[in-house]
>>> print(open('work.txt').read())   # compact mmCIF, C-alpha atoms
# COMPACT_ATOMS: atom_id res chain seq x y z
CA MET A 1 0.00 0.00 0.00
CA GLY A 2 1.37 3.39 -0.97
CA GLU A 3 1.89 6.00 1.75
CA MET A 4 -1.02 8.13 0.50
CA GLU A 5 -3.39 5.17 0.54
CA GLN A 6 -2.24 4.28 4.05
CA LEU A 7 -2.87 7.80 5.25
CA ARG A 8 -6.32 7.85 3.65
CA LYS A 9 -7.18 4.59 5.39
CA GLU A 10 -5.97 5.99 8.72
CA ALA A 11 -8.08 9.12 8.20
CA ASP A 12 -11.17 7.02 7.47
CA ASN A 13 -10.53 4.89 10.57
CA LEU A 14 -10.20 7.99 12.73
CA LYS A 15 -13.44 9.41 11.30
CA ASP A 16 -15.22 6.16 12.15
CA GLN A 17 -13.68 6.32 15.64
CA ILE A 18 -15.04 9.82 16.16
CA THR A 19 -18.50 8.81 14.94
CA ALA A 20 -18.49 5.83 17.31
CA ALA A 21 -17.25 7.89 20.26
CA ARG A 22 -20.03 10.40 19.68
CA LYS A 23 -22.63 7.66 19.39
CA ALA A 24 -21.41 6.21 22.71
CA MET A 25 -22.45 9.49 24.39
CA GLN A 26 -26.02 9.26 23.09
CA ASP A 27 -27.75 7.92 26.18
CA THR A 28 -30.70 10.18 25.31
CA THR A 29 -31.65 13.04 22.99
CA LEU A 30 -32.29 16.68 23.86
CA GLN A 31 -35.87 16.08 22.73
CA GLU A 32 -36.34 13.31 25.31
CA ALA A 33 -34.44 15.12 28.05
CA ALA A 34 -36.60 18.23 27.62
CA ALA A 35 -39.86 16.29 27.34
CA SER A 36 -41.01 17.31 30.81
CA ILE A 37 -40.66 21.06 30.31
CA ASN A 38 -43.31 23.10 28.52
CA VAL A 39 -42.77 25.03 25.32
CA VAL A 40 -42.46 28.75 26.04
CA GLY A 41 -45.58 30.80 25.38
CA ARG A 42 -46.02 32.58 22.06
CA VAL A 43 -43.39 35.35 21.73
CA GLN A 44 -44.77 38.46 20.09
CA LEU A 45 -42.20 41.16 19.50
CA LYS A 46 -43.05 44.48 17.88
CA THR A 47 -40.96 46.77 15.71
CA ARG A 48 -40.04 49.62 18.04
CA LYS A 49 -37.73 51.50 15.68
CA THR A 50 -36.90 51.49 11.98
CA LEU A 51 -33.44 52.75 11.08
CA ARG A 52 -33.66 54.41 7.68
CA GLY A 53 -30.74 55.79 5.75
CA HIS A 54 -28.97 53.12 3.76
CA LEU A 55 -29.58 53.23 0.00
CA ALA A 56 -28.90 49.60 -0.82
CA LYS A 57 -28.92 46.09 0.67
CA ILE A 58 -27.70 45.78 4.23
CA TYR A 59 -25.29 42.87 4.64
CA ALA A 60 -24.25 43.07 8.27
CA MET A 61 -24.93 44.67 11.63
CA HIS A 62 -23.33 44.47 15.06
CA TRP A 63 -24.41 45.89 18.43
CA SER A 64 -22.07 47.93 20.56
CA THR A 65 -21.65 46.47 24.07
CA ASP A 66 -23.57 49.49 25.46
CA SER A 67 -26.80 48.03 23.98
CA LYS A 68 -27.64 51.44 22.52
CA LEU A 69 -25.36 52.03 19.53
CA CYS A 70 -25.00 49.66 16.62
CA VAL A 71 -23.14 49.62 13.32
CA SER A 72 -24.48 48.46 9.94
CA ALA A 73 -22.81 47.88 6.58
CA SER A 74 -24.49 48.26 3.22
CA GLN A 75 -23.47 47.87 -0.38
CA ASP A 76 -24.30 51.56 -0.79
CA GLY A 77 -20.69 51.83 0.39
CA LYS A 78 -21.42 53.13 3.88
CA LEU A 79 -20.93 52.06 7.47
CA ILE A 80 -23.50 53.76 9.68
CA VAL A 81 -23.29 53.95 13.45
CA TRP A 82 -26.81 54.37 14.82
CA ASP A 83 -28.24 55.41 18.15
CA SER A 84 -30.94 52.75 18.15
CA ILE A 85 -33.06 54.59 20.71
CA THR A 86 -33.25 57.99 18.99
CA THR A 87 -32.67 56.46 15.49
CA ASN A 88 -30.06 59.19 14.88
CA LYS A 89 -27.04 58.46 12.73
CA VAL A 90 -24.03 59.03 14.97
CA ASN A 91 -21.56 58.41 12.14
CA ALA A 92 -21.94 57.79 8.40
CA ILE A 93 -18.61 56.44 7.20
CA PRO A 94 -17.95 56.31 3.44
CA LEU A 95 -16.02 53.19 2.44
CA LYS A 96 -13.29 52.86 -0.20
CA SER A 97 -14.90 49.65 -1.41
CA SER A 98 -18.70 49.37 -1.52
CA TRP A 99 -18.56 45.56 -1.67
CA VAL A 100 -18.78 45.17 2.07
CA MET A 101 -19.88 41.87 3.62
CA THR A 102 -19.26 42.31 7.33
CA CYS A 103 -18.88 44.86 10.11
CA ALA A 104 -18.00 44.76 13.78
CA TYR A 105 -18.04 47.02 16.85
CA ALA A 106 -15.12 46.79 19.28
CA PRO A 107 -16.15 45.95 22.88
CA SER A 108 -14.66 49.29 24.00
CA GLY A 109 -16.87 51.25 21.59
CA ASN A 110 -13.79 53.03 20.21
CA LEU A 111 -13.43 51.19 16.91
CA VAL A 112 -15.48 49.64 14.14
CA ALA A 113 -14.27 47.36 11.37
CA CYS A 114 -15.54 46.17 8.01
CA GLY A 115 -14.46 44.27 4.94
CA GLY A 116 -15.67 42.36 1.91
CA LEU A 117 -14.62 41.77 -1.67
CA ASP A 118 -11.57 43.99 -1.20
CA ASN A 119 -10.09 41.07 0.81
CA MET A 120 -9.17 43.53 3.57
CA CYS A 121 -10.35 44.33 7.07
CA SER A 122 -10.46 48.11 7.55
CA ILE A 123 -10.39 49.47 11.09
CA TYR A 124 -11.95 52.88 11.81
CA ASN A 125 -11.33 54.99 14.90
CA LEU A 126 -14.60 56.54 16.07
CA LYS A 127 -12.96 58.58 18.80
CA GLY A 128 -10.29 60.46 16.83
CA LYS A 129 -9.14 63.79 18.26
CA ASP A 130 -10.58 66.05 15.58
CA GLY A 131 -13.91 64.27 15.55
CA ASN A 132 -13.52 62.89 12.03
CA VAL A 133 -13.75 59.14 11.58
CA LYS A 134 -10.73 57.89 9.64
CA VAL A 135 -9.28 54.56 8.57
CA MET A 136 -6.84 53.58 11.30
CA ARG A 137 -5.51 50.36 9.75
CA GLU A 138 -6.07 48.28 6.66
CA LEU A 139 -5.39 44.64 7.46
CA ALA A 140 -4.38 43.07 4.16
CA ALA A 141 -3.11 39.53 3.65
CA HIS A 142 -6.19 37.42 2.95
CA THR A 143 -6.30 36.11 -0.61
CA GLY A 144 -10.08 35.87 -0.56
CA TYR A 145 -13.07 37.97 0.48
CA LEU A 146 -13.57 38.99 4.08
CA SER A 147 -16.77 37.29 5.26
CA CYS A 148 -16.73 38.16 8.96
CA CYS A 149 -14.69 39.95 11.60
CA ARG A 150 -14.89 40.25 15.40
CA PHE A 151 -12.77 42.32 17.81
CA LEU A 152 -11.17 40.71 20.85
CA SER A 153 -10.06 44.16 22.05
CA ASP A 154 -8.85 47.45 20.55
CA SER A 155 -5.59 45.72 19.66
CA GLU A 156 -6.75 42.38 18.28
CA ILE A 157 -9.33 41.28 15.75
CA ILE A 158 -10.22 37.92 14.19
CA THR A 159 -11.28 37.66 10.55
CA SER A 160 -12.73 34.85 8.42
CA SER A 161 -12.18 34.69 4.69
CA GLY A 162 -13.13 33.11 1.39
CA ASP A 163 -9.48 31.97 1.26
CA CYS A 164 -10.51 29.20 3.74
CA THR A 165 -8.57 30.65 6.67
CA CYS A 166 -9.30 32.72 9.76
CA VAL A 167 -6.68 35.12 11.08
CA LEU A 168 -5.90 36.77 14.42
CA TRP A 169 -4.44 40.23 13.73
CA ASP A 170 -2.36 42.66 15.74
CA ILE A 171 -4.16 45.90 14.85
CA GLU A 172 -1.30 48.13 16.02
CA THR A 173 1.26 46.62 13.65
CA GLY A 174 -1.24 45.46 11.04
CA THR A 175 0.28 41.97 11.03
CA GLN A 176 -1.09 38.43 11.26
CA LYS A 177 -0.46 36.93 14.70
CA THR A 178 -2.01 33.56 14.01
CA ILE A 179 -3.43 31.86 10.93
CA PHE A 180 -6.15 29.30 11.60
CA ALA A 181 -5.98 26.91 8.66
CA GLY A 182 -7.88 23.66 8.25
CA HIS A 183 -11.19 24.43 6.58
CA GLN A 184 -11.53 23.00 3.08
CA GLY A 185 -13.97 25.63 1.90
CA ASP A 186 -14.69 29.37 2.18
CA CYS A 187 -14.98 30.49 5.79
CA MET A 188 -18.28 32.35 6.03
CA SER A 189 -18.69 33.40 9.65
CA LEU A 190 -17.19 33.37 13.10
CA ALA A 191 -18.30 33.83 16.70
CA VAL A 192 -16.03 34.46 19.70
CA SER A 193 -16.64 32.86 23.11
CA PRO A 194 -17.63 35.23 25.95
CA ASP A 195 -14.26 34.63 27.66
CA PHE A 196 -12.38 35.46 24.41
CA LYS A 197 -10.42 32.18 24.59
CA PHE A 198 -12.12 30.38 21.72
CA PHE A 199 -13.95 31.10 18.51
CA ILE A 200 -16.07 29.03 16.18
CA SER A 201 -15.88 29.33 12.40
CA GLY A 202 -18.43 28.11 9.87
CA ALA A 203 -17.38 27.26 6.34
CA CYS A 204 -18.57 26.07 2.94
CA ASP A 205 -17.01 22.67 3.61
CA PHE A 206 -20.18 21.99 5.66
CA THR A 207 -18.27 22.13 8.95
CA ALA A 208 -17.98 24.37 11.97
CA LYS A 209 -14.66 24.35 13.85
CA LEU A 210 -13.84 25.30 17.43
CA TRP A 211 -10.44 27.07 17.67
CA ASP A 212 -8.24 27.76 20.69
CA ILE A 213 -7.16 31.36 20.04
CA ARG A 214 -3.87 31.34 21.99
CA GLU A 215 -2.78 27.84 20.93
CA GLY A 216 -3.82 28.45 17.31
CA THR A 217 -5.26 24.94 17.08
CA CYS A 218 -8.57 23.44 16.05
CA ARG A 219 -10.06 21.53 19.00
CA GLN A 220 -13.24 20.14 17.48
CA THR A 221 -15.00 19.91 14.13
CA PHE A 222 -18.76 19.63 13.74
CA GLY A 223 -20.76 18.40 10.80
CA GLY A 224 -17.93 17.25 8.57
CA HIS A 225 -17.40 13.70 9.68
CA GLU A 226 -20.74 12.53 8.44
CA ASN A 227 -21.29 10.82 5.13
CA LEU A 228 -21.27 13.43 2.38
CA SER A 229 -24.40 12.00 0.75
CA ARG A 230 -26.49 12.95 3.79
CA ILE A 231 -25.40 16.52 3.41
CA ASN A 232 -26.94 16.77 -0.04
CA TYR A 233 -30.38 16.50 1.55
CA ILE A 234 -29.75 19.16 4.15
CA LEU A 235 -30.91 22.49 2.85
CA ASP A 236 -29.71 25.36 5.02
CA LEU A 237 -30.98 23.95 8.29
CA CYS A 238 -30.45 25.30 11.75
CA LYS A 239 -28.73 22.89 14.12
CA LEU A 240 -27.60 23.06 17.73
CA TYR A 241 -24.24 21.46 18.51
CA ASP A 242 -23.00 20.88 22.04
CA LEU A 243 -19.26 21.41 22.54
CA ARG A 244 -18.90 19.06 25.51
CA ALA A 245 -20.91 16.17 24.05
CA ASP A 246 -19.11 16.94 20.76
CA GLN A 247 -22.20 16.48 18.62
CA GLU A 248 -25.45 17.75 17.20
CA LEU A 249 -28.24 17.87 19.77
CA ILE A 250 -31.22 19.04 17.76
CA THR A 251 -32.36 20.52 14.43
CA TYR A 252 -34.69 23.48 14.12
CA GLN A 253 -36.92 22.71 11.19
CA ASP A 254 -40.52 22.90 10.21
CA SER A 255 -42.13 21.44 7.11
CA SER A 256 -43.64 24.84 6.32
CA ILE A 257 -40.25 26.50 6.06
CA MET A 258 -38.84 26.02 2.58
CA CYS A 259 -36.02 28.53 2.53
CA GLY A 260 -32.61 29.08 3.98
CA VAL A 261 -31.38 30.63 7.22
CA THR A 262 -29.14 33.65 6.81
CA SER A 263 -28.38 34.66 10.38
CA LEU A 264 -28.78 33.60 14.00
CA ALA A 265 -28.91 35.14 17.45
CA PRO A 266 -29.78 33.62 20.82
CA SER A 267 -31.71 35.57 23.45
CA LEU A 268 -29.93 36.34 26.74
CA SER A 269 -30.91 33.11 28.53
CA GLY A 270 -30.38 31.05 25.41
CA ARG A 271 -33.98 29.83 25.58
CA LEU A 272 -34.95 31.63 22.38
CA LEU A 273 -33.15 31.34 19.07
CA LEU A 274 -33.90 34.10 16.59
CA ALA A 275 -33.12 33.20 13.00
CA GLY A 276 -33.36 35.35 9.88
CA TYR A 277 -34.57 33.72 6.68
CA ASP A 278 -34.62 34.28 2.91
CA ASP A 279 -38.44 34.60 3.00
CA PHE A 280 -38.12 38.05 4.63
CA ASN A 281 -39.06 36.78 8.11
CA VAL A 282 -37.39 35.99 11.38
CA ASN A 283 -38.51 32.79 13.10
CA ILE A 284 -38.20 32.54 16.87
CA TRP A 285 -37.48 29.04 18.14
CA ASP A 286 -37.72 27.55 21.62
CA THR A 287 -34.11 26.29 21.76
CA LEU A 288 -34.84 23.35 24.06
CA LYS A 289 -38.08 22.14 22.45
CA ALA A 290 -37.19 22.98 18.80
CA GLU A 291 -40.64 24.46 18.25
CA ARG A 292 -41.38 27.73 16.52
CA VAL A 293 -42.81 30.20 19.04
CA GLY A 294 -42.90 33.43 17.11
CA VAL A 295 -42.39 35.22 13.80
CA LEU A 296 -41.10 38.71 13.08
CA ALA A 297 -42.59 39.92 9.83
CA GLY A 298 -41.97 43.40 8.56
CA HIS A 299 -39.10 43.43 6.14
CA ASP A 300 -39.70 43.59 2.39
CA ASN A 301 -36.70 41.53 1.45
CA ARG A 302 -34.33 38.89 2.82
CA VAL A 303 -33.27 39.35 6.45
CA SER A 304 -29.48 39.28 6.07
CA CYS A 305 -28.34 39.87 9.63
CA ILE A 306 -29.61 39.77 13.18
CA GLY A 307 -28.24 40.57 16.62
CA VAL A 308 -29.48 40.65 20.20
CA SER A 309 -28.06 43.46 22.36
CA SER A 310 -25.77 42.60 25.32
CA ASP A 311 -28.44 43.42 27.90
CA GLY A 312 -30.90 41.26 26.00
CA MET A 313 -33.42 44.07 25.71
CA ALA A 314 -33.76 44.17 21.95
CA CYS A 315 -33.17 42.34 18.72
CA CYS A 316 -31.98 44.20 15.62
CA THR A 317 -32.56 42.90 12.10
CA GLY A 318 -30.93 44.16 8.91
CA SER A 319 -32.37 43.47 5.49
CA TRP A 320 -31.81 43.67 1.76
CA ASP A 321 -34.74 46.14 1.86
CA SER A 322 -32.13 48.66 3.16
CA PHE A 323 -33.72 49.04 6.60
CA LEU A 324 -32.80 47.94 10.11
CA LYS A 325 -35.52 47.25 12.62
CA ILE A 326 -35.36 47.13 16.40
CA TRP A 327 -37.77 44.64 18.01
CA ASN A 328 -38.80 43.75 21.52
CA MET B 1 0.34 20.09 -6.81
CA SER B 2 3.18 17.59 -6.29
CA SER B 3 2.53 14.23 -4.64
CA SER B 4 4.88 15.01 -1.73
CA SER B 5 2.91 18.12 -0.76
CA ASN B 6 -0.27 16.03 -1.02
CA ILE B 7 1.25 13.63 1.50
CA VAL B 8 2.28 16.48 3.81
CA ALA B 9 -1.27 17.85 3.65
CA MET B 10 -2.75 14.39 4.28
CA LYS B 11 -0.43 13.86 7.28
CA LYS B 12 -1.73 17.14 8.74
CA ILE B 13 -5.32 15.97 8.25
CA VAL B 14 -4.57 12.66 9.99
CA GLN B 15 -2.80 14.48 12.85
CA GLN B 16 -5.79 16.78 13.29
CA LEU B 17 -8.23 13.86 13.25
CA ARG B 18 -6.15 12.12 15.94
CA LEU B 19 -6.41 15.25 18.09
CA GLU B 20 -10.16 15.48 17.61
CA ALA B 21 -10.65 11.77 18.25
CA GLY B 22 -9.02 12.23 21.67
CA VAL B 23 -11.47 14.89 22.87
CA ASN B 24 -13.12 14.22 26.25
CA ARG B 25 -16.84 13.88 25.69
CA VAL B 26 -19.75 14.29 28.03
CA LYS B 27 -22.96 12.28 27.78
CA VAL B 28 -25.88 13.92 25.97
CA SER B 29 -28.01 13.53 29.12
CA GLN B 30 -25.48 15.66 31.04
CA ALA B 31 -25.15 18.24 28.25
CA ALA B 32 -28.94 18.47 27.87
CA ALA B 33 -29.44 18.82 31.64
CA ASP B 34 -26.82 21.59 31.86
CA LEU B 35 -28.38 23.41 28.89
CA GLN B 36 -31.83 23.24 30.46
CA GLN B 37 -30.52 24.40 33.82
CA PHE B 38 -28.75 27.39 32.25
CA CYS B 39 -31.84 28.44 30.32
CA LEU B 40 -34.20 28.08 33.28
CA GLN B 41 -31.77 29.81 35.67
CA HIS B 42 -31.48 32.85 33.43
CA ALA B 43 -35.08 32.93 32.19
CA GLN B 44 -36.21 35.65 34.58
CA HIS B 45 -33.48 37.97 33.31
CA ASP B 46 -34.22 37.46 29.62
CA PRO B 47 -36.31 40.47 28.53
CA LEU B 48 -37.23 39.05 25.12
CA LEU B 49 -38.58 35.97 26.85
CA THR B 50 -40.38 37.57 29.78
CA GLY B 51 -41.50 40.72 28.04
CA MET B 52 -41.28 44.15 29.64
CA SER B 53 -43.57 47.03 30.57
CA SER B 54 -43.48 50.28 28.58
CA SER B 55 -41.83 52.06 31.48
CA ASN B 56 -38.96 49.54 31.54
CA ASN B 57 -38.55 49.52 27.79
CA PRO B 58 -35.93 52.00 26.49
CA PHE B 59 -37.39 51.53 23.02
CA ARG B 60 -40.90 52.11 24.35
CA PRO B 61 -43.53 53.21 21.90
CA GLN B 62 -44.35 56.92 21.92
CA LYS B 63 -47.23 57.81 24.16
CA VAL B 64 -50.25 58.86 22.18
CA CYS B 65 -51.21 62.51 22.71
CA SER B 66 -54.80 63.05 23.65
CA PHE B 67 -56.58 66.34 23.27
CA LEU B 68 -58.38 67.28 26.44
>>> encode(input="work.txt", output="structure tokens")
Amino acid sequence: MGEMEQLRKEADNLKDQITAARKAMQDTTLQEAAASINVVGRVQLKTRKTLRGHLAKIYAMHWSTDSKLCVSASQDGKLIVWDSITTNKVNAIPLKSSWVMTCAYAPSGNLVACGGLDNMCSIYNLKGKDGNVKVMRELAAHTGYLSCCRFLSDSEIITSSGDCTCVLWDIETGTQKTIFAGHQGDCMSLAVSPDFKFFISGACDFTAKLWDIREGTCRQTFGGHENLSRINYILDLCKLYDLRADQELITYQDSSIMCGVTSLAPSLSGRLLLAGYDDFNVNIWDTLKAERVGVLAGHDNRVSCIGVSSDGMACCTGSWDSFLKIWN
Amino acid sequence: MSSSSNIVAMKKIVQQLRLEAGVNRVKVSQAAADLQQFCLQHAQHDPLLTGMSSSNNPFRPQKVCSFL
């Protein structure tokens, strides 16, 4: 047997081992375990504010940690920082490249970032001395589009890219501190753990990976070890994976929903899962019971992004209809 | 792509799989119980779940003016 063949066989054996180890943990299902609790009552949220100002599709939004300000990115070539309570535009930042796909607010509130088809992550200082918002850094090294970015602090940011990698950057020097390689397809999104030690990336190779930020290593992979043929039948579903059981716990699906999920956000307690869909709506799921408990209808086009504020008081949706809506 | 770089790439994949195979796993019953406990513990402090009165809602709807 050639070396390559041997390695392939070893890989297949390890994949089978992982599948078996996961199966060995299945002494019940989340469905069964949650059988004794009741579904939450119908959740009816109302649009409290509509943020108008963008002139084209909105692709991304992110709340500031103060639960009041938020930033949105649109292919009209602008980043807008909004006061969600007064609906005033605090900043309207013109971008060099209008092909923006993501934006992020630093936890400190001092910086915002964005990027897209320019393959770069541009960092803007909102608190510059003269009051003007300027580009502070352009983080360039990705060889593919920037799909998502999230700040760890004012000095570090993590990006995900169509070049199949995620990168931890030193904003001060504009250099790559760590490259997280391993995905076999475009990285589309990332989420950082509350303690800033880990992040999860989702990619077009049908997997989600858990990364240790300081070690630079991938700890776990979800979704990829299954038989590829099963994946052909899965059409943009919403699934809950548990990190400690290392497997999928439940799927959020309903025979009446025929379109894809674009964005996700849990409520503060985690009991509600708000998901934006291609059919212009947001469906609210009871996370534990996997039942739909509410719908947010109001946008006239695809809901492209969603976020729940840090204090859990409101949910913000961004849409291809060029508007953002605040709901609670 | 040369065959030797294919082998290097494959060795990395095998090494990664070995790492992931060695992960400590918790039973689904434990994971499910912990999830439930977390949700129920924090339920009272989840405004989207419990709802809120107009006076507690920073995004509260404008009060309607009435002509007296």
>>> atom_distance(input="work.txt", atom1="atom CA of A:Ile93", atom2="atom CA of A:Val133")
7.1 Å
>>> closest_atom_pairs(input="work.txt", of="chain A", to="chain B", cutoff="7 Å", atoms="only C-alpha atoms", output="Markdown table")
| residue | atom | partner | partner_atom | distance |
| --- | --- | --- | --- | --- |
| A:Met4 | CA | B:Ile7 | CA | 6.0 |
| A:Leu7 | CA | B:Met10 | CA | 6.7 |
| A:Glu10 | CA | B:Val14 | CA | 6.9 |
| A:Ala11 | CA | B:Val14 | CA | 5.3 |
| A:Leu14 | CA | B:Leu17 | CA | 6.2 |
| A:Gln17 | CA | B:Ala21 | CA | 6.8 |
| A:Ile18 | CA | B:Ala21 | CA | 5.2 |
| A:Met25 | CA | B:Lys27 | CA | 4.4 |
| A:Gln26 | CA | B:Val28 | CA | 5.5 |
| A:Asp27 | CA | B:Val28 | CA | 6.3 |
| A:Thr28 | CA | B:Ser29 | CA | 5.7 |
| A:Thr29 | CA | B:Val28 | CA | 6.6 |
| A:Leu30 | CA | B:Ala32 | CA | 5.5 |
| A:Ala33 | CA | B:Ala32 | CA | 6.4 |
| A:Arg48 | CA | B:Phe59 | CA | 6.0 |
| A:Ile85 | CA | B:Phe59 | CA | 5.8 |
| A:Arg219 | CA | B:Glu20 | CA | 6.2 |
| A:Gln220 | CA | B:Glu20 | CA | 5.6 |
| A:Arg244 | CA | B:Val26 | CA | 5.5 |
| A:Ala245 | CA | B:Val26 | CA | 4.6 |
| A:Asp246 | CA | B:Arg25 | CA | 6.2 |
| A:Ser267 | CA | B:Leu48 | CA | 6.7 |
| A:Leu268 | CA | B:Asp46 | CA | 5.3 |
| A:Ser269 | CA | B:His42 | CA | 4.9 |
| A:Gly270 | CA | B:Cys39 | CA | 5.7 |
| A:Arg271 | CA | B:Cys39 | CA | 5.4 |
| A:Gly312 | CA | B:Pro47 | CA | 6.0 |
| A:Met313 | CA | B:Pro47 | CA | 5.4 |
| A:Ala314 | CA | B:Leu48 | CA | 7.0 |
| A:Asn328 | CA | B:Leu48 | CA | 6.1 |
>>> residues_around(input="work.txt", residues="stretch 144-156 of chain A", least_positions_apart="3", cutoff="6 Å", atoms="only C-alpha atoms", output="PDB file with C-alpha atoms, in the coordinates of the input")
ATOM      1  CA  MET A 101     -19.880  41.870   3.620  1.00  0.00           C
ATOM      2  CA  THR A 102     -19.260  42.310   7.330  1.00  0.00           C
ATOM      3  CA  ALA A 104     -18.000  44.760  13.780  1.00  0.00           C
ATOM      4  CA  ALA A 106     -15.120  46.790  19.280  1.00  0.00           C
ATOM      5  CA  GLY A 115     -14.460  44.270   4.940  1.00  0.00           C
ATOM      6  CA  GLY A 116     -15.670  42.360   1.910  1.00  0.00           C
ATOM      7  CA  LEU A 117     -14.620  41.770  -1.670  1.00  0.00           C
ATOM      8  CA  ASN A 119     -10.090  41.070   0.810  1.00  0.00           C
ATOM      9  CA  THR A 159     -11.280  37.660  10.550  1.00  0.00           C
ATOM     10  CA  SER A 160     -12.730  34.850   8.420  1.00  0.00           C
ATOM     11  CA  SER A 161     -12.180  34.690   4.690  1.00  0.00           C
ATOM     12  CA  GLY A 162     -13.130  33.110   1.390  1.00  0.00           C
ATOM     13  CA  ASP A 163      -9.480  31.970   1.260  1.00  0.00           C
ATOM     14  CA  TRP A 169      -4.440  40.230  13.730  1.00  0.00           C
ATOM     15  CA  ASP A 170      -2.360  42.660  15.740  1.00  0.00           C
ATOM     16  CA  ILE A 171      -4.160  45.900  14.850  1.00  0.00           C
ATOM     17  CA  MET A 188     -18.280  32.350   6.030  1.00  0.00           C
ATOM     18  CA  SER A 189     -18.690  33.400   9.650  1.00  0.00           C
TER      19      SER A 189
END
>>> residues_around(input="work.txt", residues="A:Cys259", least_positions_apart="5", cutoff="12 Å", atoms="only C-alpha atoms", output="JSON, numbers by chain")
{"A": [234, 235, 236, 237, 238, 253, 254, 275, 276, 277, 278, 279, 280, 281, 282, 283, 302, 303]}
>>> write_last_selection(input="work.txt", atoms="C-alpha atoms", output="PDB file, in the frame of the given file")
ATOM      1  CA  ILE A 234     -29.750  19.160   4.150  1.00  0.00           C
ATOM      2  CA  LEU A 235     -30.910  22.490   2.850  1.00  0.00           C
ATOM      3  CA  ASP A 236     -29.710  25.360   5.020  1.00  0.00           C
ATOM      4  CA  LEU A 237     -30.980  23.950   8.290  1.00  0.00           C
ATOM      5  CA  CYS A 238     -30.450  25.300  11.750  1.00  0.00           C
ATOM      6  CA  GLN A 253     -36.920  22.710  11.190  1.00  0.00           C
ATOM      7  CA  ASP A 254     -40.520  22.900  10.210  1.00  0.00           C
ATOM      8  CA  ALA A 275     -33.120  33.200  13.000  1.00  0.00           C
ATOM      9  CA  GLY A 276     -33.360  35.350   9.880  1.00  0.00           C
ATOM     10  CA  TYR A 277     -34.570  33.720   6.680  1.00  0.00           C
ATOM     11  CA  ASP A 278     -34.620  34.280   2.910  1.00  0.00           C
ATOM     12  CA  ASP A 279     -38.440  34.600   3.000  1.00  0.00           C
ATOM     13  CA  PHE A 280     -38.120  38.050   4.630  1.00  0.00           C
ATOM     14  CA  ASN A 281     -39.060  36.780   8.110  1.00  0.00           C
ATOM     15  CA  VAL A 282     -37.390  35.990  11.380  1.00  0.00           C
ATOM     16  CA  ASN A 283     -38.510  32.790  13.100  1.00  0.00           C
ATOM     17  CA  ARG A 302     -34.330  38.890   2.820  1.00  0.00           C
ATOM     18  CA  VAL A 303     -33.270  39.350   6.450  1.00  0.00           C
TER      19      VAL A 303
END
>>> atom_distance(input="work.txt", atom1="atom CA of A:Ile326", atom2="atom CA of A:Ile158")
26.9 Å
>>> residues_near_point(input="work.txt", point="(-27.6, 44.6, 26.2)", cutoff="8 Å", atoms="all atoms listed in the file", output="list in words")
Thr65, Asp66, Ser67, Lys68, Val308, Ser309, Ser310, Asp311, Gly312, Met313 and Ala314 of chain A
>>> decode(input="work.txt", residues="stretch 14-22 of chain B", atoms="N, CA, C and O atoms", output="CSV table (one decimal), in the first residue's frame")
chain,number,residue,atom,x,y,z
B,14,VAL,N,-4.5,13.8,9.1
B,14,VAL,CA,-4.6,12.7,10.0
B,14,VAL,C,-4.2,13.1,11.4
B,14,VAL,O,-4.9,12.7,12.4
B,15,GLN,N,-3.2,14.0,11.5
B,15,GLN,CA,-2.8,14.5,12.8
B,15,GLN,C,-4.0,15.2,13.5
B,15,GLN,O,-4.2,15.0,14.7
B,16,GLN,N,-4.7,16.0,12.8
B,16,GLN,CA,-5.8,16.8,13.3
B,16,GLN,C,-6.9,15.8,13.7
B,16,GLN,O,-7.5,16.0,14.8
B,17,LEU,N,-7.2,14.8,12.9
B,17,LEU,CA,-8.2,13.9,13.2
B,17,LEU,C,-7.9,13.1,14.5
B,17,LEU,O,-8.7,12.8,15.4
B,18,ARG,N,-6.6,12.8,14.7
B,18,ARG,CA,-6.1,12.1,15.9
B,18,ARG,C,-6.4,13.0,17.2
B,18,ARG,O,-7.0,12.5,18.2
B,19,LEU,N,-6.2,14.3,17.0
B,19,LEU,CA,-6.4,15.2,18.1
B,19,LEU,C,-7.9,15.3,18.4
B,19,LEU,O,-8.3,15.2,19.6
B,20,GLU,N,-8.7,15.4,17.4
B,20,GLU,CA,-10.2,15.5,17.6
B,20,GLU,C,-10.8,14.2,18.1
B,20,GLU,O,-11.7,14.2,18.9
B,21,ALA,N,-10.1,13.1,17.8
B,21,ALA,CA,-10.6,11.8,18.2
B,21,ALA,C,-10.4,11.7,19.8
B,21,ALA,O,-11.2,11.1,20.5
B,22,GLY,N,-9.4,12.3,20.3
B,22,GLY,CA,-9.0,12.2,21.7
B,22,GLY,C,-9.8,13.2,22.6
B,22,GLY,O,-9.5,13.2,23.8
